[in-house]
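Everything on this sheet refers to the single structure shown next.
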Amino acid sequence: LDQMYHPMLVWKGDGAAPNISNVVPQDYVMDVSKRVAVITGPNTGGKTVALKTLGLAALMARAGLWVVSGAGRRGDSTSAPTPIRMPYFDKVMADIGDDQSIVQSLSTFSAHVARVQAILQQVTRNSLV
C-alpha cells in the first residue's frame, strides 16, 4: 500500500479543499506469508496515526469507499493515481490508547491485557488486529 494518508489529516473539516502538501504519506509493505507486523518508534513518531490509517483504509475499502492514497504519483503529481489493492478483512480490531481504570483497579498494562484478550476471543485468521 503506497502513499496512504489518514483522511482526517487531509480533510480538516474547515470547508477547504483537501490538501496533502503538509501530510507525510505512509507506505505499508507486508509479505503475504506473514501474519504479524510490529510498528515501533519514538514518542510522537506516528505509530498511532499509522495504525489508524491502516485500519481505516481497510474499513473504507470494505465499505466500497475510495482509500486516500497517492499511489502511482511518487515523484509525479500530474499522473493519475493507480488503484491500490487492499486485502479483505472480516474484522478490524485495535487496542489503541491509555485506559487506566482506578475504579476497577486496573493499571494501564492490565487494561491493555484485558482488551487484547477480548479481541483475541473474537478474531479469525482473516481479521486485521
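Identifiers for the C-alpha cells are assigned positionally: chains receive A, B, ... in sequence, residues are indexed from 1 per chain, and ligands are indexed from 1 in the order shown.
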**Q.** Close residues, Gly70 (chain A) itself excluded, 8 Å, only C-alpha atoms, min 6 positions apart in chain, as a list in words
**A.**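 The contact residues come out as Asp2, Gln3, Met4, Tyr5, Pro25 and Pro81 of chain A.
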Would you save the residues of that selection, restricted to C-alpha atoms, as a PDB file, in the first residue's frame?
ATOM      1  CA  ASP A   2       1.834   3.061  -1.250  1.00  0.00           C
ATOM      2  CA  GLN A   3       1.434   6.611  -0.005  1.00  0.00           C
ATOM      3  CA  MET A   4      -1.534   6.141   2.281  1.00  0.00           C
ATOM      4  CA  TYR A   5      -2.998   9.176   4.047  1.00  0.00           C
ATOM      5  CA  PRO A  25       2.418   9.649   3.274  1.00  0.00           C
ATOM      6  CA  PRO A  81      -3.205   7.539  -9.336  1.00  0.00           C
TER       7      PRO A  81
END
(Q) Need to verify the contact set: Met60 (chain A), 12 Å, only C-alpha atoms, exclusion of same-chain residues closer than 4 positions in sequence. Can you return it as a list in words? (A) His6, Pro7, Lys52, Thr53, Leu54, Gly55, Leu56, Gly64, Leu65, Trp66, Val67, Val68, Ser69, Met86, Pro87, Tyr88, Phe89 and Val92 of chain A
Q. Which neighbours of Val36 (chain A) fall inside 12 Å, counting only C-alpha atoms, when residues of the same chain fewer than 5 positions from it are skipped, and could you give them as a VMD selection string?
A. chain A and resid 29 to 31 125 127 to 129
Can you write out the residues you just picked, keeping all heavy atoms, as a PDB file, in the first residue's frame?
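Saved result, again.pdb, follows:
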ATOM      1  N   VAL A  29       4.239  -2.340   3.470  1.00  0.00           N
ATOM      2  CA  VAL A  29       4.658  -3.481   2.672  1.00  0.00           C
ATOM      3  C   VAL A  29       4.693  -4.684   3.596  1.00  0.00           C
ATOM      4  O   VAL A  29       5.333  -4.652   4.645  1.00  0.00           O
ATOM      5  CB  VAL A  29       6.061  -3.262   2.057  1.00  0.00           C
ATOM      6  CG1 VAL A  29       6.488  -4.481   1.255  1.00  0.00           C
ATOM      7  CG2 VAL A  29       6.088  -2.017   1.209  1.00  0.00           C
ATOM      8  N   MET A  30       3.976  -5.729   3.192  1.00  0.00           N
ATOM      9  CA  MET A  30       3.962  -6.928   4.013  1.00  0.00           C
ATOM     10  C   MET A  30       3.867  -8.146   3.112  1.00  0.00           C
ATOM     11  O   MET A  30       3.040  -8.182   2.205  1.00  0.00           O
ATOM     12  CB  MET A  30       2.795  -6.898   4.991  1.00  0.00           C
ATOM     13  CG  MET A  30       2.998  -7.797   6.152  1.00  0.00           C
ATOM     14  SD  MET A  30       1.822  -7.394   7.445  1.00  0.00           S
ATOM     15  CE  MET A  30       1.879  -8.922   8.326  1.00  0.00           C
ATOM     16  N   ASP A  31       4.726  -9.096   3.350  1.00  0.00           N
ATOM     17  CA  ASP A  31       4.721 -10.350   2.609  1.00  0.00           C
ATOM     18  C   ASP A  31       3.427 -11.100   2.908  1.00  0.00           C
ATOM     19  O   ASP A  31       2.987 -11.157   4.058  1.00  0.00           O
ATOM     20  CB  ASP A  31       5.936 -11.178   3.038  1.00  0.00           C
ATOM     21  CG  ASP A  31       6.118 -12.423   2.208  1.00  0.00           C
ATOM     22  OD1 ASP A  31       5.224 -13.301   2.251  1.00  0.00           O
ATOM     23  OD2 ASP A  31       7.142 -12.519   1.521  1.00  0.00           O
ATOM     24  N   ARG A 125      -8.728 -15.892  11.351  1.00  0.00           N
ATOM     25  CA  ARG A 125      -7.466 -15.791  10.611  1.00  0.00           C
ATOM     26  C   ARG A 125      -7.547 -14.730   9.515  1.00  0.00           C
ATOM     27  O   ARG A 125      -6.544 -14.356   8.927  1.00  0.00           O
ATOM     28  CB  ARG A 125      -7.050 -17.140  10.051  1.00  0.00           C
ATOM     29  CG  ARG A 125      -8.026 -17.740   9.060  1.00  0.00           C
ATOM     30  CD  ARG A 125      -7.565 -19.080   8.485  1.00  0.00           C
ATOM     31  NE  ARG A 125      -6.527 -18.892   7.491  1.00  0.00           N
ATOM     32  CZ  ARG A 125      -5.262 -19.294   7.623  1.00  0.00           C
ATOM     33  NH1 ARG A 125      -4.871 -19.926   8.689  1.00  0.00           N
ATOM     34  NH2 ARG A 125      -4.400 -19.079   6.669  1.00  0.00           N
ATOM     35  N   SER A 127      -8.824 -11.622  10.083  1.00  0.00           N
ATOM     36  CA  SER A 127      -9.031 -10.346  10.759  1.00  0.00           C
ATOM     37  C   SER A 127      -7.759  -9.510  10.748  1.00  0.00           C
ATOM     38  O   SER A 127      -6.641 -10.050  10.695  1.00  0.00           O
ATOM     39  CB  SER A 127      -9.438 -10.581  12.220  1.00  0.00           C
ATOM     40  OG  SER A 127     -10.645 -11.292  12.298  1.00  0.00           O
ATOM     41  N   LEU A 128      -7.937  -8.204  10.814  1.00  0.00           N
ATOM     42  CA  LEU A 128      -6.823  -7.270  10.984  1.00  0.00           C
ATOM     43  C   LEU A 128      -6.869  -6.795  12.419  1.00  0.00           C
ATOM     44  O   LEU A 128      -7.860  -6.228  12.867  1.00  0.00           O
ATOM     45  CB  LEU A 128      -6.951  -6.079  10.029  1.00  0.00           C
ATOM     46  CG  LEU A 128      -5.908  -4.966  10.187  1.00  0.00           C
ATOM     47  CD1 LEU A 128      -4.504  -5.492   9.895  1.00  0.00           C
ATOM     48  CD2 LEU A 128      -6.237  -3.799   9.279  1.00  0.00           C
ATOM     49  N   VAL A 129      -5.813  -7.070  13.175  1.00  0.00           N
ATOM     50  CA  VAL A 129      -5.760  -6.677  14.571  1.00  0.00           C
ATOM     51  C   VAL A 129      -4.606  -5.715  14.749  1.00  0.00           C
ATOM     52  O   VAL A 129      -3.513  -5.964  14.334  1.00  0.00           O
ATOM     53  CB  VAL A 129      -5.556  -7.905  15.497  1.00  0.00           C
ATOM     54  CG1 VAL A 129      -5.479  -7.474  16.947  1.00  0.00           C
ATOM     55  CG2 VAL A 129      -6.677  -8.891  15.292  1.00  0.00           C
TER      56      VAL A 129
END
Q: Tell me, in Å to one decimal, how far CA of Val32 (chain A) is from CA of Ala50 (chain A).
A: 19.3 Å
Q. Mind pulling up the distance from CA of Ile84 (chain A) to CA of Leu1 (chain A)?
A.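 If I compute the distance from CA of Leu1 (chain A) to CA of Ile84 (chain A), I get 6.4 Å.
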Q | alpha helix (DSSP H) positions in chain A, given as a VMD selection string | A | chain A and resid 7 to 10 47 to 62 108 to 120
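Shortest separation to Ala37 (chain A) among A:Ile119, A:Ala61, A:Ala16, A:Leu51 occurs at residue A:Leu51, atoms counted being only C-alpha atoms.
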Q) Between A:Ile96, A:Gln121, A:Lys91, A:Asn19, which has the minimum distance to Val49 (chain A) (counting only C-alpha atoms)? A)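 Using only C-alpha atoms, the shortest distance to Val49 (chain A) belongs to A:Ile96.
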Q: Find the spatial neighbours of Pro18 (chain A), counting only C-alpha atoms, within a cut-off of 12 Å - ignore same-chain residues fewer than 3 positions away - and output them as a list of chain:residue names.
A: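 The contact residues come out as A:Tyr5, A:His6, A:Pro7, A:Met8, A:Leu9, A:Val10, A:Trp11, A:Lys12, A:Gly13, A:Asp14, A:Gly15, A:Ser21, A:Asn22, A:Val23, A:Val68.
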(Q) Please return, as a VMD selection string, all residues of chain A that DSSP assigns to strand (DSSP E or B) on the basis of the backbone. (A) chain A and resid 4 26 69 92 101 106 128
